[in-house]
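Source file data-v7.cif; content: mmCIF, C-alpha atoms.
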```cif
data_my_file
loop_
_atom_site.group_PDB
_atom_site.id
_atom_site.type_symbol
_atom_site.label_atom_id
_atom_site.label_comp_id
_atom_site.auth_asym_id
_atom_site.auth_seq_id
_atom_site.Cartn_x
_atom_site.Cartn_y
_atom_site.Cartn_z
ATOM 1 C CA MET J 20 0.306 3.419 14.477
ATOM 2 C CA GLY J 21 -3.290 2.300 14.567
ATOM 3 C CA PRO J 22 -5.102 -0.883 15.452
ATOM 4 C CA ALA J 23 -4.251 -3.960 13.411
ATOM 5 C CA ILE J 24 -6.910 -5.644 11.322
ATOM 6 C CA SER J 25 -7.245 -9.296 12.271
ATOM 7 C CA VAL J 26 -6.550 -12.061 9.786
ATOM 8 C CA THR J 27 -9.747 -13.861 8.877
ATOM 9 C CA GLU J 28 -10.930 -15.730 5.849
ATOM 10 C CA THR J 29 -13.174 -13.788 3.499
ATOM 11 C CA LYS J 30 -15.802 -15.722 1.572
ATOM 12 C CA GLU J 31 -16.371 -13.381 -1.372
ATOM 13 C CA VAL J 32 -14.182 -11.116 -3.440
ATOM 14 C CA PRO J 33 -15.473 -7.555 -3.128
ATOM 15 C CA SER J 34 -16.062 -5.607 -6.295
ATOM 16 C CA GLY J 35 -16.975 -2.084 -7.293
ATOM 17 C CA LYS J 36 -15.446 1.351 -7.003
ATOM 18 C CA GLY J 37 -12.498 1.462 -4.643
ATOM 19 C CA VAL J 38 -11.545 -2.173 -5.203
ATOM 20 C CA MET J 39 -8.355 -3.133 -7.033
ATOM 21 C CA LYS J 40 -7.020 -6.577 -7.840
ATOM 22 C CA PHE J 41 -3.332 -7.378 -8.277
ATOM 23 C CA GLY J 42 -3.155 -11.045 -9.229
ATOM 24 C CA ASN J 43 -4.643 -12.799 -6.186
ATOM 25 C CA LEU J 44 -4.269 -9.672 -3.994
ATOM 26 C CA VAL J 45 -7.460 -7.629 -3.493
ATOM 27 C CA VAL J 46 -7.378 -4.100 -2.033
ATOM 28 C CA ASP J 47 -10.757 -2.770 -0.889
ATOM 29 C CA THR J 48 -10.378 0.908 0.029
ATOM 30 C CA ASN J 49 -14.057 1.157 0.971
ATOM 31 C CA ARG J 50 -13.663 -1.394 3.782
ATOM 32 C CA ARG J 51 -9.947 -0.676 4.338
ATOM 33 C CA GLN J 52 -9.201 -4.360 3.828
ATOM 34 C CA VAL J 53 -6.622 -6.333 1.905
ATOM 35 C CA SER J 54 -6.813 -10.028 1.122
ATOM 36 C CA ARG J 55 -4.797 -12.593 -0.810
ATOM 37 C CA ALA J 56 -6.484 -15.705 -2.166
ATOM 38 C CA GLY J 57 -9.479 -15.049 0.108
ATOM 39 C CA GLU J 58 -7.443 -14.640 3.311
ATOM 40 C CA ARG J 59 -7.356 -11.202 4.921
ATOM 41 C CA ILE J 60 -3.951 -9.580 5.448
ATOM 42 C CA SER J 61 -3.586 -7.652 8.696
ATOM 43 C CA LEU J 62 -2.546 -4.018 8.169
ATOM 44 C CA THR J 63 -2.335 -1.239 10.722
ATOM 45 C CA TYR J 64 -4.206 1.994 10.083
ATOM 46 C CA THR J 65 -0.971 3.700 9.027
ATOM 47 C CA GLU J 66 0.071 0.852 6.726
ATOM 48 C CA PHE J 67 -3.289 0.950 4.963
ATOM 49 C CA SER J 68 -3.121 4.757 4.687
ATOM 50 C CA LEU J 69 0.311 4.419 3.058
ATOM 51 C CA LEU J 70 -1.083 1.837 0.644
ATOM 52 C CA GLU J 71 -3.959 4.186 -0.264
ATOM 53 C CA LEU J 72 -1.587 7.106 -0.799
ATOM 54 C CA LEU J 73 0.694 5.115 -3.097
ATOM 55 C CA PHE J 74 -2.148 3.566 -5.101
ATOM 56 C CA ASP J 75 -4.224 6.742 -5.378
ATOM 57 C CA GLU J 76 -2.471 7.486 -8.683
ATOM 58 C CA PRO J 77 -0.727 4.284 -9.807
ATOM 59 C CA GLY J 78 2.657 4.929 -11.354
ATOM 60 C CA LYS J 79 2.972 8.417 -9.829
ATOM 61 C CA VAL J 80 6.132 8.963 -7.807
ATOM 62 C CA VAL J 81 5.322 10.094 -4.268
ATOM 63 C CA PRO J 82 8.309 11.791 -2.594
ATOM 64 C CA ARG J 83 9.267 10.521 0.847
ATOM 65 C CA ALA J 84 8.802 14.030 2.303
ATOM 66 C CA GLU J 85 5.222 14.145 0.973
ATOM 67 C CA ILE J 86 4.463 10.735 2.481
ATOM 68 C CA LEU J 87 5.820 11.916 5.845
ATOM 69 C CA GLU J 88 3.718 15.087 5.753
ATOM 70 C CA GLN J 89 0.521 13.338 4.637
ATOM 71 C CA LEU J 90 0.673 10.388 7.037
ATOM 72 C CA TRP J 91 2.495 11.780 10.072
ATOM 73 C CA GLY J 92 1.605 15.461 9.693
ATOM 74 C CA TYR J 93 5.024 17.084 9.801
ATOM 75 C CA PRO J 94 7.692 18.002 7.247
ATOM 76 C CA PRO J 95 11.142 16.434 7.489
ATOM 77 C CA ARG J 96 13.557 18.573 9.484
ATOM 78 C CA ARG J 97 16.538 16.292 8.941
ATOM 79 C CA ALA J 98 17.301 13.291 6.748
ATOM 80 C CA ALA J 99 16.678 10.825 9.588
ATOM 81 C CA ASP J 100 13.010 11.910 9.721
ATOM 82 C CA LEU J 101 12.454 10.201 6.373
ATOM 83 C CA ARG J 102 13.566 6.802 7.694
ATOM 84 C CA VAL J 103 10.126 6.232 9.231
ATOM 85 C CA VAL J 104 8.720 6.200 5.686
ATOM 86 C CA ASP J 105 11.283 3.592 4.607
ATOM 87 C CA VAL J 106 10.455 1.417 7.617
ATOM 88 C CA TYR J 107 6.723 1.489 6.859
ATOM 89 C CA VAL J 108 7.288 0.758 3.172
ATOM 90 C CA ALA J 109 9.427 -2.234 4.154
ATOM 91 C CA ARG J 110 6.682 -3.476 6.522
ATOM 92 C CA LEU J 111 4.051 -3.071 3.821
ATOM 93 C CA ARG J 112 6.196 -4.894 1.270
ATOM 94 C CA GLY J 113 6.749 -7.699 3.778
ATOM 95 C CA LYS J 114 2.997 -8.189 4.071
ATOM 96 C CA LEU J 115 1.982 -7.674 0.430
ATOM 97 C CA GLU J 116 4.833 -8.639 -1.872
ATOM 98 C CA PRO J 117 5.455 -12.302 -2.742
ATOM 99 C CA ASP J 118 9.188 -11.466 -2.686
ATOM 100 C CA PRO J 119 9.783 -8.263 -0.647
ATOM 101 C CA ARG J 120 13.424 -8.095 -1.805
ATOM 102 C CA ASN J 121 12.237 -7.828 -5.414
ATOM 103 C CA PRO J 122 9.076 -5.734 -5.102
ATOM 104 C CA GLU J 123 6.546 -5.606 -7.910
ATOM 105 C CA LEU J 124 3.754 -3.574 -6.296
ATOM 106 C CA ILE J 125 5.596 -0.842 -4.383
ATOM 107 C CA LEU J 126 8.592 0.417 -6.307
ATOM 108 C CA THR J 127 11.508 2.511 -5.045
ATOM 109 C CA VAL J 128 12.396 5.583 -7.051
ATOM 110 C CA ARG J 129 15.969 6.074 -5.895
ATOM 111 C CA GLY J 130 16.660 9.441 -4.299
ATOM 112 C CA ILE J 131 13.022 10.555 -4.506
ATOM 113 C CA GLY J 132 10.449 8.236 -2.978
ATOM 114 C CA TYR J 133 8.075 5.447 -3.935
ATOM 115 C CA ALA J 134 5.560 4.595 -6.631
ATOM 116 C CA SER J 135 2.956 1.904 -6.986
ATOM 117 C CA GLN J 136 2.866 -0.298 -10.032
ATOM 118 C CA ARG J 137 0.638 1.109 -12.750
ATOM 119 C CA VAL J 138 -2.780 -0.542 -12.636
ATOM 120 C CA GLY J 139 -2.584 -1.508 -16.302
ATOM 121 C CA GLU J 140 0.746 -3.277 -15.851
ATOM 122 C CA THR J 141 -0.005 -5.865 -13.149
ATOM 123 C CA ALA J 142 -3.364 -4.940 -11.719
ATOM 124 C CA THR J 143 -6.943 -4.410 -12.704
ATOM 125 C CA THR J 144 -9.613 -2.265 -11.132
ATOM 126 C CA LEU J 145 -12.836 -4.160 -10.572
ATOM 127 C CA ALA J 146 -15.921 -2.313 -11.792
ATOM 128 C CA SER J 147 -19.448 -2.806 -10.545
#
```
Let me see the structure of the file written as structure tokens.
Amino acid sequence: MGPAISVTETKEVPSGKGVMKFGNLVVDTNRRQVSRAGERISLTYTEFSLLELLFDEPGKVVPRAEILEQLWGYPPRRAADLRVVDVYVARLRGKLEPDPRNPELILTVRGIGYASQRVGETATTLAS
């Protein structure tokens, strides 16, 4: 886990490469910041890294084992090792999804892993 980003109000919506908008949710990968309706959402370093990994290729299924290896640096040795991924996805959904029980941004692909919503379906990438 890394340091949490404090919740503060942002005055302008960032734009340009590395910035995606999902309704009123703005993800700025350049600044490693997320905001909803102008208010910053606090994410830990690991939570933001998970968000980046899932949204790197929207719609692509990322296996839980790959997430574990990329974010924590080790392959799963037993099924319980993958639970840490599930816990972090649940935390991220709790902070980003309007209804975490019915996620629209971070989707579960049963038996495999997770995928982000395709950018064209609910999100737009802001261009400079």
Selection under test: the PyMOL selection byres ((chain J and resi 89) around 12); residues as a short mmCIF file (atom, residue, chain, number, x, y, z; two decimals) with C-alpha atoms, in the frame of the given file:
```cif
data_model
loop_
_atom_site.label_atom_id
_atom_site.label_comp_id
_atom_site.auth_asym_id
_atom_site.auth_seq_id
_atom_site.Cartn_x
_atom_site.Cartn_y
_atom_site.Cartn_z
CA THR J 65 -0.97 3.70 9.03
CA SER J 68 -3.12 4.76 4.69
CA LEU J 69 0.31 4.42 3.06
CA GLU J 71 -3.96 4.19 -0.26
CA LEU J 72 -1.59 7.11 -0.80
CA LEU J 73 0.69 5.12 -3.10
CA VAL J 81 5.32 10.09 -4.27
CA PRO J 82 8.31 11.79 -2.59
CA ARG J 83 9.27 10.52 0.85
CA ALA J 84 8.80 14.03 2.30
CA GLU J 85 5.22 14.14 0.97
CA ILE J 86 4.46 10.74 2.48
CA LEU J 87 5.82 11.92 5.84
CA GLU J 88 3.72 15.09 5.75
CA LEU J 90 0.67 10.39 7.04
CA TRP J 91 2.50 11.78 10.07
CA GLY J 92 1.60 15.46 9.69
CA TYR J 93 5.02 17.08 9.80
CA PRO J 94 7.69 18.00 7.25
CA PRO J 95 11.14 16.43 7.49
CA VAL J 104 8.72 6.20 5.69
#
```
Taking the file as I've supplied it (selection: the PyMOL selection byres ((chain J and resi 53) around 10)), which residues are included? Please answer as a PyMOL selection string. chain J and resi 24+26+38-40+44-48+50-52+54-55+57-62+67+70+115
On this structure, the PyMOL selection byres ((chain J and resi 132) around 7) would catch which residues? List them as a ChimeraX atom specification, sorted by chain and number. /J:80-83,127-131,133
Mind checking which residues fall within 8 Å of J:Pro119, counting all atoms listed in the file, ignoring those fewer than 5 positions away in the same chain, and posting them as a VMD selection string? chain J and resid 109 112 to 113
Using all atoms listed in the file, which of J:Val103, J:Ala56, J:Pro122, J:Pro117 sits nearest J:Ala134? J:Pro122
